[in-house]
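Undergrad: Take a look at this one; I'll ask things after.
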Amino acid sequence: MLDGVTPRIGVLALQGDVREHMHALAACGAEPVAVRRESELASVDGLVIPGGESTAISKLLDIFELLEPLRQRLRDGMPAYGSCAGMILLASEVLDTRPDMHTLNGIDMTVRRNAFGRQVDSFETDLEFAGLDDGPVRAVFIRAPWVERAGADVEVLARVPSGPAAGTVVAVRQGNVMATSFHPEVTGDLRVHRLFVETLVRPRAGV
Ligand code: GLN
């Protein structure tokens, strides 16, 4: 921990489960900021892109004129974490989406939307998460995507442990950008957010 630095972390607040992420970030000792404007985006040390509906968030990025500013901040190395719809938006390529959906190209990966299919549309499982050694993470999947291709520079952090989708990649990191198919903000387990705050954002906060 850097003494005296409280990282300001934005939550993209166009649509989706914004409030849950704001609470989780505050509980991790960060200052959460709802981001709807370019000036708010410019003021944060890192950004969470929440779960919700990726095609809706994509459209709203246009309407709120945030698409290019957000792409630019990611190119400049802003730390980011995307959960579910946020993972989809951070991908470089998305399958099973609308042709006009924007991608932010934060992680070199191909993601398939709503990948788990109708039978297991929403489910929960415990999984091992690289870097979190104190027990498995409870992972809640809600019409979740999976990672179908991860580029050479992408670190796989978690896979589905068992069942029909065993081995599927559901958490990744490339440089300062991290993404999970699932929703740690709904379980009360702060470890994934803490990993983002402490490992990805705090070392760069205020830089
Ligand atoms: N299925 C949603 C999408 O395509 C993601 C679901 C979620 O974020 N919980 O954007």
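Residues are referred to by chain and number: the chain letter is A, B, ... according to the order shown in the structure tokens, the number counts from 1 in that chain, and ligands are numbered separately from 1 in the order shown.
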Could you list, with a cut-off of 9 Å and counting only C-alpha atoms and all ligand atoms, the residues of chain A near ligand 1, each shown with its nearest atom pair and the distance in Å rounded to one decimal, rows sorted by chain and ascending number, as a tab-separated table?
TA:
```
residue	atom	partner	partner_atom_place_in_ligand_line	distance
A:Gly16	CA	ligand 1	8 (O)	7.3
A:Asp17	CA	ligand 1	8 (O)	8.3
A:Pro50	CA	ligand 1	8 (O)	7.0
A:Gly51	CA	ligand 1	8 (O)	3.3
A:Gly52	CA	ligand 1	8 (O)	3.9
A:Glu53	CA	ligand 1	10 (O)	3.4
A:Ser54	CA	ligand 1	10 (O)	3.4
A:Thr55	CA	ligand 1	10 (O)	6.0
A:Ala56	CA	ligand 1	10 (O)	7.6
A:Ile57	CA	ligand 1	10 (O)	8.1
A:Ser83	CA	ligand 1	8 (O)	6.8
A:Cys84	CA	ligand 1	8 (O)	4.2
A:Ala85	CA	ligand 1	8 (O)	3.8
A:Gly86	CA	ligand 1	8 (O)	6.9
A:Met87	CA	ligand 1	8 (O)	8.3
A:Ile88	CA	ligand 1	10 (O)	6.8
A:Leu89	CA	ligand 1	10 (O)	8.3
A:Asp96	CA	ligand 1	4 (O)	8.8
A:Thr97	CA	ligand 1	4 (O)	7.5
A:Arg112	CA	ligand 1	4 (O)	8.8
A:Arg113	CA	ligand 1	4 (O)	5.2
A:Asn114	CA	ligand 1	1 (N)	5.0
A:Ala115	CA	ligand 1	1 (N)	8.6
A:Ser122	CA	ligand 1	9 (N)	8.9
A:Phe141	CA	ligand 1	9 (N)	7.0
A:Ile142	CA	ligand 1	9 (N)	4.6
A:Arg143	CA	ligand 1	1 (N)	4.6
A:Ala144	CA	ligand 1	6 (C)	5.1
A:Pro145	CA	ligand 1	5 (C)	6.8
A:Ser181	CA	ligand 1	8 (O)	8.0
A:Phe182	CA	ligand 1	9 (N)	7.5
A:His183	CA	ligand 1	9 (N)	7.4
```
Undergrad: Nearest to A:Asp153: which of A:Leu66, A:Met109, A:Ala179, A:Leu127 is it, counting only C-alpha atoms?
TA: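 Under the stated criterion, the closest residue is A:Met109.
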Undergrad: Could you pull out all residues of stretch 39-206 of chain A with a DSSP call of helix (DSSP H, G or I) and give them as a ChimeraX atom specification?
TA: /A:39-42,54-63,67-75,85-90,184-186,191-204
Undergrad: So how many Å separate atom CA of A:Gly135 and atom CA of A:Ala165, to one decimal?
TA: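 Computing the Euclidean distance for atom CA of A:Gly135 and atom CA of A:Ala165 yields 21.3 Å.
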